[in-house]
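Working notes, structure below.
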Amino acid sequence: MQEYKVAIIGGGIVGACLFSDLTRKGVSCVLLEAASDVSNGSTKANSGIVHAGYDPEPNTLKARFNIRGNQLYPAMCARLKVDILQCGTLVVTDEENRNGLNELYERGLENGVQGLRIIEREELHTMEPNLAEHISCGLFAPTGAVISPYLTCIALCEEGVINGGEVKLNFMVDKIEKNEEKYQIFAGKDSVLAEYVVNCAGVGANTINALVGAPEVPMKYVKGEYLLLDKSQNGFVNRPIFPLPTKMGKGILALPTLHGNIMLGPTAIPCEPHDTATTEAGIATIKEKVELSVKTPNYKKVIKLFAGVRVISGDDFVIEKMEDSHFFYTAGICSPGLTAAPAISEYLVEKLQEDGLEFEPHEFVQRKPYVCTEKMNKKELKELIKNNPTYGKIVCRCEKISEGEILEALASPLKPTDVDAIKRRVRPTMGRCQGGFCLPKVLKIIATYHGITLDDVQLNGENSQILIKE
Ligand SMILES: Cc1cc2nc3c(=O)[nH]c(=O)nc-3n(C[C@H](O)[C@H](O)[C@H](O)COP(=O)(O)OP(=O)(O)OC[C@H]3O[C@@H](n4cnc5c(N)ncnc54)[C@H](O)[C@@H]3O)c2cc1C
């Protein structure tokens, strides 16, 4: 049986940050993920904003880790070689609600957000020409940014693997036994041993806590639906545009993605833990509410609807250690959890060390980014194709993704097998046609690479095959 110092349960952004931090400190570490790829929970379906930190109530874990996480992101993205768009964020409103904006500004100052300023109508409409006419003032936070949440999570896990850690996919933890000083963690008949366990299971946090007798954390689930517009709408907004936040959340926003799409959403609808269905009512709400901040978007350019589930536990994050044990748990990591994750990990590393975990000197190995032919100049591309002609065969016409890029993703450290796992790494099927043209080719490349039949290729995890028979 394989044995590790630390087992992390859950490959979302929190588990991934911790996995990367511990492996870089030379700790033998395994990341156990129930799904067929990491980043398959809340981390794959959110706004991707690295929040500045004016929104959380002062003196909460949310405020503390939001601010620290925001500070850690630029260096983390540089180390991982993933993109971050340092565009800032804007909260906008009309004259009637100016007091609310001022309060948000004051809260931001109290939380320690740098560079915040209130912007008046003329400057605001120059920065963002598609704001709704009635918008007269805004709060600009230059430290706000946009990332690709799933690629960042994948990159962290890849970094952990190349620095000596192990990721076990399709490992749904269903039993934990404590034998003297070690935990035996099971997924069916498979199991691993570890001295320390950290529960980062998001929606599944209480299930894992129950396996070791740790307290049940009160949780509720709130769905956020989105509309994604194609790249022809690039520039509709230049940074995330929020309305004034309310107790119900940050409201419906319009924002650019890292790849030049525009995203509208999310809604906030109480739901069951795994309910990511999109609804007509949700779409109607997005359309109605987004136009309180911006001019009417071109809805003909919508290419995708999707939803993510927030896991909320009271007013703050829960990050605890179970008494008389080496079992730590996180729960209720809702927004700004993506932003806070590197800081939550930093805190957990500190707590693990206080609990006796030792670090080993370790020579850091840097992760290589995926080749992106679209970003290359003609000379670089010509050279690449000369050395490897598969980079010259375009498979996904919308996103201009070559066969070589897909093959490279298939060979990457986590050895992804599903269509969506490849999509999250190098973007085939992500464009206007949503796979209408390239999906058969992508299936064939995956099947050939893994030596399986076309009808064995899954979309996203078990029982999601695309073809019933060849
Ligand atoms: C609509 C929406 C918008 C958001 N926007 C933002 C934003 O712009 N900025 C921001 O900072 N935050 C945002 N958030 C919050 C952010 O997405 C979450 O805080 C963050 O993704 C939580 O990460 P996590 O690792 O805790 O959980 P998850 O990403 O859910 O990961 C938990 C993992 O545990 C795995 N798991 C569960 N049970 C088991 C088991 N038994 N065995 C093994 N594995 C298991 C799951 O498969 C999953 O992969 C948003 C959230 C939503 C839903």
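Labeling convention for the structure tokens: chains A, B, ... as they appear, residues from 1 per chain, ligands from 1 in order of appearance.
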
Closest atom pairs, chain A residues within 6 Å of ligand 1, only C-alpha atoms and all ligand atoms, as JSON lines:
{"residue": "A:Ile9", "atom": "CA", "partner": "ligand 1", "partner_atom_place_in_ligand_line": "43 (C)", "distance": 5.2}
{"residue": "A:Gly10", "atom": "CA", "partner": "ligand 1", "partner_atom_place_in_ligand_line": "34 (O)", "distance": 3.2}
{"residue": "A:Gly11", "atom": "CA", "partner": "ligand 1", "partner_atom_place_in_ligand_line": "49 (O)", "distance": 4.6}
{"residue": "A:Gly12", "atom": "CA", "partner": "ligand 1", "partner_atom_place_in_ligand_line": "31 (O)", "distance": 3.3}
{"residue": "A:Ile13", "atom": "CA", "partner": "ligand 1", "partner_atom_place_in_ligand_line": "25 (O)", "distance": 4.1}
{"residue": "A:Val14", "atom": "CA", "partner": "ligand 1", "partner_atom_place_in_ligand_line": "25 (O)", "distance": 3.9}
{"residue": "A:Gly15", "atom": "CA", "partner": "ligand 1", "partner_atom_place_in_ligand_line": "25 (O)", "distance": 5.4}
{"residue": "A:Leu32", "atom": "CA", "partner": "ligand 1", "partner_atom_place_in_ligand_line": "43 (C)", "distance": 5.4}
{"residue": "A:Glu33", "atom": "CA", "partner": "ligand 1", "partner_atom_place_in_ligand_line": "44 (N)", "distance": 3.9}
{"residue": "A:Ala34", "atom": "CA", "partner": "ligand 1", "partner_atom_place_in_ligand_line": "43 (C)", "distance": 3.8}
{"residue": "A:Ala35", "atom": "CA", "partner": "ligand 1", "partner_atom_place_in_ligand_line": "47 (O)", "distance": 5.1}
{"residue": "A:Val38", "atom": "CA", "partner": "ligand 1", "partner_atom_place_in_ligand_line": "49 (O)", "distance": 5.6}
{"residue": "A:Ser39", "atom": "CA", "partner": "ligand 1", "partner_atom_place_in_ligand_line": "49 (O)", "distance": 5.2}
{"residue": "A:Asn40", "atom": "CA", "partner": "ligand 1", "partner_atom_place_in_ligand_line": "49 (O)", "distance": 4.6}
{"residue": "A:Gly41", "atom": "CA", "partner": "ligand 1", "partner_atom_place_in_ligand_line": "30 (O)", "distance": 3.7}
{"residue": "A:Ser42", "atom": "CA", "partner": "ligand 1", "partner_atom_place_in_ligand_line": "29 (O)", "distance": 4.0}
{"residue": "A:Thr43", "atom": "CA", "partner": "ligand 1", "partner_atom_place_in_ligand_line": "21 (O)", "distance": 3.4}
{"residue": "A:Asn46", "atom": "CA", "partner": "ligand 1", "partner_atom_place_in_ligand_line": "3 (C)", "distance": 3.6}
{"residue": "A:Ser47", "atom": "CA", "partner": "ligand 1", "partner_atom_place_in_ligand_line": "8 (O)", "distance": 3.8}
{"residue": "A:Gly48", "atom": "CA", "partner": "ligand 1", "partner_atom_place_in_ligand_line": "8 (O)", "distance": 4.4}
{"residue": "A:Ile49", "atom": "CA", "partner": "ligand 1", "partner_atom_place_in_ligand_line": "8 (O)", "distance": 3.7}
{"residue": "A:Val50", "atom": "CA", "partner": "ligand 1", "partner_atom_place_in_ligand_line": "11 (O)", "distance": 5.4}
{"residue": "A:His51", "atom": "CA", "partner": "ligand 1", "partner_atom_place_in_ligand_line": "11 (O)", "distance": 5.8}
{"residue": "A:Phe171", "atom": "CA", "partner": "ligand 1", "partner_atom_place_in_ligand_line": "43 (C)", "distance": 5.7}
{"residue": "A:Met172", "atom": "CA", "partner": "ligand 1", "partner_atom_place_in_ligand_line": "42 (N)", "distance": 3.8}
{"residue": "A:Val173", "atom": "CA", "partner": "ligand 1", "partner_atom_place_in_ligand_line": "42 (N)", "distance": 3.9}
{"residue": "A:Asp174", "atom": "CA", "partner": "ligand 1", "partner_atom_place_in_ligand_line": "41 (N)", "distance": 5.9}
{"residue": "A:Cys200", "atom": "CA", "partner": "ligand 1", "partner_atom_place_in_ligand_line": "26 (O)", "distance": 5.6}
{"residue": "A:Ala201", "atom": "CA", "partner": "ligand 1", "partner_atom_place_in_ligand_line": "34 (O)", "distance": 3.4}
{"residue": "A:Gly202", "atom": "CA", "partner": "ligand 1", "partner_atom_place_in_ligand_line": "27 (O)", "distance": 3.9}
{"residue": "A:Val203", "atom": "CA", "partner": "ligand 1", "partner_atom_place_in_ligand_line": "30 (O)", "distance": 5.9}
{"residue": "A:Gly204", "atom": "CA", "partner": "ligand 1", "partner_atom_place_in_ligand_line": "38 (N)", "distance": 3.9}
{"residue": "A:Gly224", "atom": "CA", "partner": "ligand 1", "partner_atom_place_in_ligand_line": "1 (C)", "distance": 3.8}
{"residue": "A:Pro266", "atom": "CA", "partner": "ligand 1", "partner_atom_place_in_ligand_line": "1 (C)", "distance": 5.4}
{"residue": "A:Gly308", "atom": "CA", "partner": "ligand 1", "partner_atom_place_in_ligand_line": "53 (C)", "distance": 4.2}
{"residue": "A:Val309", "atom": "CA", "partner": "ligand 1", "partner_atom_place_in_ligand_line": "53 (C)", "distance": 4.0}
{"residue": "A:Arg310", "atom": "CA", "partner": "ligand 1", "partner_atom_place_in_ligand_line": "53 (C)", "distance": 3.8}
{"residue": "A:Ile333", "atom": "CA", "partner": "ligand 1", "partner_atom_place_in_ligand_line": "19 (O)", "distance": 4.5}
{"residue": "A:Cys334", "atom": "CA", "partner": "ligand 1", "partner_atom_place_in_ligand_line": "19 (O)", "distance": 3.8}
{"residue": "A:Ser335", "atom": "CA", "partner": "ligand 1", "partner_atom_place_in_ligand_line": "15 (C)", "distance": 3.6}
{"residue": "A:Pro336", "atom": "CA", "partner": "ligand 1", "partner_atom_place_in_ligand_line": "11 (O)", "distance": 3.3}
{"residue": "A:Gly337", "atom": "CA", "partner": "ligand 1", "partner_atom_place_in_ligand_line": "19 (O)", "distance": 3.1}
{"residue": "A:Leu338", "atom": "CA", "partner": "ligand 1", "partner_atom_place_in_ligand_line": "11 (O)", "distance": 3.5}
{"residue": "A:Thr339", "atom": "CA", "partner": "ligand 1", "partner_atom_place_in_ligand_line": "11 (O)", "distance": 3.7}

Please provide as an mmCIF file with N, CA and C atoms, in the first residue's frame all residues within 8 Å of Phe19 (chain A), with the sequence filter that same-chain residues fewer than 5 positions apart are discarded (counting only C-alpha atoms).
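This went into selection12.cif:
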data_model
loop_
_atom_site.group_PDB
_atom_site.id
_atom_site.type_symbol
_atom_site.label_atom_id
_atom_site.label_comp_id
_atom_site.auth_asym_id
_atom_site.auth_seq_id
_atom_site.Cartn_x
_atom_site.Cartn_y
_atom_site.Cartn_z
ATOM 1 N N ILE A 8 -4.402 14.812 0.724
ATOM 2 C CA ILE A 8 -5.351 15.915 0.562
ATOM 3 C C ILE A 8 -6.555 15.339 -0.170
ATOM 4 N N CYS A 29 3.285 13.632 -0.618
ATOM 5 C CA CYS A 29 1.903 14.109 -0.584
ATOM 6 C C CYS A 29 1.080 13.461 -1.689
ATOM 7 N N VAL A 30 -0.161 13.088 -1.389
ATOM 8 C CA VAL A 30 -1.050 12.575 -2.428
ATOM 9 C C VAL A 30 -2.331 13.410 -2.447
ATOM 10 N N LEU A 31 -2.805 13.689 -3.648
ATOM 11 C CA LEU A 31 -4.075 14.410 -3.817
ATOM 12 C C LEU A 31 -5.101 13.399 -4.322
ATOM 13 N N LEU A 156 -1.356 23.944 -10.943
ATOM 14 C CA LEU A 156 -0.876 23.692 -9.570
ATOM 15 C C LEU A 156 -0.685 22.193 -9.341
ATOM 16 N N CYS A 157 -1.636 21.401 -9.843
ATOM 17 C CA CYS A 157 -1.543 19.938 -9.649
ATOM 18 C C CYS A 157 -0.388 19.378 -10.481
ATOM 19 N N GLY A 160 2.718 20.076 -8.631
ATOM 20 C CA GLY A 160 2.872 19.149 -7.513
ATOM 21 C C GLY A 160 3.413 17.802 -7.973
ATOM 22 N N GLY A 165 4.889 14.843 -5.950
ATOM 23 C CA GLY A 165 3.600 14.412 -5.391
ATOM 24 C C GLY A 165 2.868 13.475 -6.342
#

**Message:** Can you tell me, as JSON, numbers by chain, which residues in region 181-427 of chain A count as strand (DSSP E) by DSSP?
**Reply:** {"A": [182, 183, 184, 185, 186, 187, 190, 191, 192, 193, 194, 195, 196, 197, 198, 199, 220, 221, 222, 223, 224, 225, 226, 227, 228, 229, 241, 242, 253, 254, 255, 256, 262, 263, 264, 265, 269, 270, 302, 303, 304, 305, 306, 307, 308, 309, 310, 311, 312, 318, 319, 320, 321, 327, 328, 329, 330, 331, 394, 395, 396, 401, 402]}

**All residues 9 Å or closer to Thr89 (chain A), only C-alpha atoms, same chain fewer than 2 positions away omitted, as a list in words** =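 The contact residues come out as Ile49, His51, Ala52, Cys87, Val91, Leu139, Phe140, Ala141, Pro142, Thr143, Gly144, Ala145, Arg239, Pro240, Ile241 and Phe242 of chain A.
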
For the contact check between region 1-50 of chain A and region 183-196 of chain A, emit one row per residue of region 1-50 of chain A within 8 Å, containing the shortest atom pair and the distance in Å rounded to one decimal, counting only C-alpha atoms, chain then rising number order, as CSV.
residue,atom,partner,partner_atom,distance
A:Met1,CA,A:Val192,CA,6.0
A:Gln2,CA,A:Val192,CA,5.3
A:Glu3,CA,A:Leu193,CA,4.6
A:Tyr4,CA,A:Ala194,CA,4.8
A:Lys5,CA,A:Glu195,CA,5.1
A:Val6,CA,A:Tyr196,CA,4.7
A:Ala7,CA,A:Ala194,CA,5.8

**Shell of 6 Å around region 440-455 of chain A, only C-alpha atoms, local chain residues under 2 positions omitted, as a PyMOL selection string** = chain A and resi 438+457+467-470

Dump of all heavy atoms for the selected residues, as an mmCIF file, in the first residue's frame:
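So result-v3.cif came out as:
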data_model
loop_
_atom_site.group_PDB
_atom_site.id
_atom_site.type_symbol
_atom_site.label_atom_id
_atom_site.label_comp_id
_atom_site.auth_asym_id
_atom_site.auth_seq_id
_atom_site.Cartn_x
_atom_site.Cartn_y
_atom_site.Cartn_z
ATOM 1 N N CYS A 438 -15.146 20.024 -34.666
ATOM 2 C CA CYS A 438 -13.895 19.351 -34.293
ATOM 3 C C CYS A 438 -14.066 18.140 -33.390
ATOM 4 O O CYS A 438 -13.151 17.343 -33.250
ATOM 5 C CB CYS A 438 -12.927 20.347 -33.658
ATOM 6 S SG CYS A 438 -13.511 21.006 -32.095
ATOM 7 N N VAL A 457 -14.448 6.714 -25.415
ATOM 8 C CA VAL A 457 -13.990 8.053 -25.018
ATOM 9 C C VAL A 457 -15.136 8.760 -24.280
ATOM 10 O O VAL A 457 -16.273 8.782 -24.759
ATOM 11 C CB VAL A 457 -13.560 8.891 -26.245
ATOM 12 C CG1 VAL A 457 -13.079 10.263 -25.801
ATOM 13 C CG2 VAL A 457 -12.463 8.170 -27.023
ATOM 14 N N LEU A 467 -20.284 8.593 -28.091
ATOM 15 C CA LEU A 467 -20.801 7.697 -29.126
ATOM 16 C C LEU A 467 -21.307 6.412 -28.482
ATOM 17 O O LEU A 467 -20.643 5.850 -27.601
ATOM 18 C CB LEU A 467 -19.689 7.347 -30.112
ATOM 19 C CG LEU A 467 -19.102 8.525 -30.889
ATOM 20 C CD1 LEU A 467 -17.933 8.066 -31.728
ATOM 21 C CD2 LEU A 467 -20.157 9.177 -31.748
ATOM 22 N N ILE A 468 -22.461 5.953 -28.934
ATOM 23 C CA ILE A 468 -23.004 4.711 -28.374
ATOM 24 C C ILE A 468 -22.298 3.530 -29.021
ATOM 25 O O ILE A 468 -21.925 2.576 -28.373
ATOM 26 C CB ILE A 468 -24.527 4.666 -28.554
ATOM 27 C CG1 ILE A 468 -25.099 5.770 -27.672
ATOM 28 C CG2 ILE A 468 -25.094 3.298 -28.165
ATOM 29 C CD1 ILE A 468 -26.526 6.049 -27.827
ATOM 30 N N LYS A 469 -22.118 3.582 -30.356
ATOM 31 C CA LYS A 469 -21.197 2.630 -30.983
ATOM 32 C C LYS A 469 -20.562 3.268 -32.208
ATOM 33 O O LYS A 469 -21.061 4.271 -32.720
ATOM 34 C CB LYS A 469 -21.867 1.298 -31.286
ATOM 35 C CG LYS A 469 -23.059 1.349 -32.183
ATOM 36 C CD LYS A 469 -23.603 -0.055 -32.335
ATOM 37 C CE LYS A 469 -24.748 -0.051 -33.307
ATOM 38 N NZ LYS A 469 -25.184 -1.385 -33.629
ATOM 39 N N GLU A 470 -19.451 2.639 -32.610
ATOM 40 C CA GLU A 470 -18.645 3.276 -33.643
ATOM 41 C C GLU A 470 -19.396 3.307 -34.969
ATOM 42 O O GLU A 470 -20.056 2.325 -35.307
ATOM 43 C CB GLU A 470 -17.325 2.502 -33.788
ATOM 44 C CG GLU A 470 -16.234 3.378 -34.292
ATOM 45 C CD GLU A 470 -14.856 2.729 -34.150
ATOM 46 O OE1 GLU A 470 -14.622 2.001 -33.193
ATOM 47 O OE2 GLU A 470 -14.036 2.996 -35.030
#

**Prompt:** Within 12 Å of Ile118 (chain A), counting only C-alpha atoms, which residues qualify if same-chain residues fewer than 2 places away don't, as a ChimeraX atom specification?
**Reply:** /A:89-93,98-106,108,115-116,120-121,123-124,136-142

Atoms to include: C-alpha atoms. Write the selected residues as a PDB file, in the first residue's frame.
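After the write, selection-v2.pdb holds the following:
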ATOM      1  CA  THR A  89     -12.495  45.536 -11.276  1.00  0.00           C
ATOM      2  CA  LEU A  90     -15.304  48.113 -11.195  1.00  0.00           C
ATOM      3  CA  VAL A  91     -18.423  48.337  -9.037  1.00  0.00           C
ATOM      4  CA  VAL A  92     -20.875  50.750 -10.681  1.00  0.00           C
ATOM      5  CA  THR A  93     -24.064  52.477  -9.604  1.00  0.00           C
ATOM      6  CA  ARG A  98     -23.760  56.598  -4.160  1.00  0.00           C
ATOM      7  CA  ASN A  99     -23.767  56.122  -0.367  1.00  0.00           C
ATOM      8  CA  GLY A 100     -23.567  52.362  -0.835  1.00  0.00           C
ATOM      9  CA  LEU A 101     -20.518  52.815  -3.044  1.00  0.00           C
ATOM     10  CA  ASN A 102     -18.881  55.046  -0.431  1.00  0.00           C
ATOM     11  CA  GLU A 103     -19.524  52.390   2.236  1.00  0.00           C
ATOM     12  CA  LEU A 104     -17.879  49.767   0.035  1.00  0.00           C
ATOM     13  CA  TYR A 105     -14.902  52.077  -0.449  1.00  0.00           C
ATOM     14  CA  GLU A 106     -14.567  52.533   3.342  1.00  0.00           C
ATOM     15  CA  GLY A 108     -12.121  48.236   1.290  1.00  0.00           C
ATOM     16  CA  GLY A 115      -5.226  51.728  -4.814  1.00  0.00           C
ATOM     17  CA  LEU A 116      -9.037  51.923  -4.433  1.00  0.00           C
ATOM     18  CA  GLU A 120     -16.896  59.834 -11.715  1.00  0.00           C
ATOM     19  CA  ARG A 121     -19.149  59.607 -14.750  1.00  0.00           C
ATOM     20  CA  GLU A 123     -13.852  58.891 -16.693  1.00  0.00           C
ATOM     21  CA  LEU A 124     -16.020  55.859 -16.001  1.00  0.00           C
ATOM     22  CA  SER A 136     -22.766  57.838 -12.705  1.00  0.00           C
ATOM     23  CA  CYS A 137     -20.076  56.596 -10.323  1.00  0.00           C
ATOM     24  CA  GLY A 138     -17.893  53.564  -9.744  1.00  0.00           C
ATOM     25  CA  LEU A 139     -15.395  52.001  -7.366  1.00  0.00           C
ATOM     26  CA  PHE A 140     -12.210  51.031  -9.213  1.00  0.00           C
ATOM     27  CA  ALA A 141      -9.981  48.383  -7.622  1.00  0.00           C
ATOM     28  CA  PRO A 142      -6.755  48.125  -9.657  1.00  0.00           C
TER      29      PRO A 142
END

**Prompt:** So how far away is CA of Leu61 (chain A) from CA of Glu272 (chain A), in Å?
**Reply:**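 According to the coordinates, CA of Glu272 (chain A) and CA of Leu61 (chain A) are separated by 25.6 Å.
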
**Request:** Name the closest residue to Pro215 (chain A) among the candidates A:Met322, A:Leu439, A:Ile84, A:Leu352; distances are taken between atoms, counting only C-alpha atoms.
**Result:** A:Met322

**Point-to-point distance in Å for CA of Tyr150 (chain A) and CA of Tyr299 (chain A)** =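 Value for the CA of Tyr299 (chain A)-CA of Tyr150 (chain A) distance: 25.2 Å.
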
**Prompt:** Quick one: residues within 12 Å of Glu288 (chain A), only C-alpha atoms counted, chain neighbours fewer than 5 positions away excluded, as a list in words?
**Reply:** Gly251, Ile252, Leu253, Leu264, Gly265, Thr267, Ala281, Gly282, Ile283, Ser293, Val294, Lys295, Thr296 and Pro297 of chain A

**Among listed residues A:Ser20, A:Thr279, A:Asn130, A:Asn377, nearest Glu159 (chain A) (using only C-alpha atoms)** =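 The shortest atom-to-atom distance to Glu159 (chain A) comes from A:Ser20.
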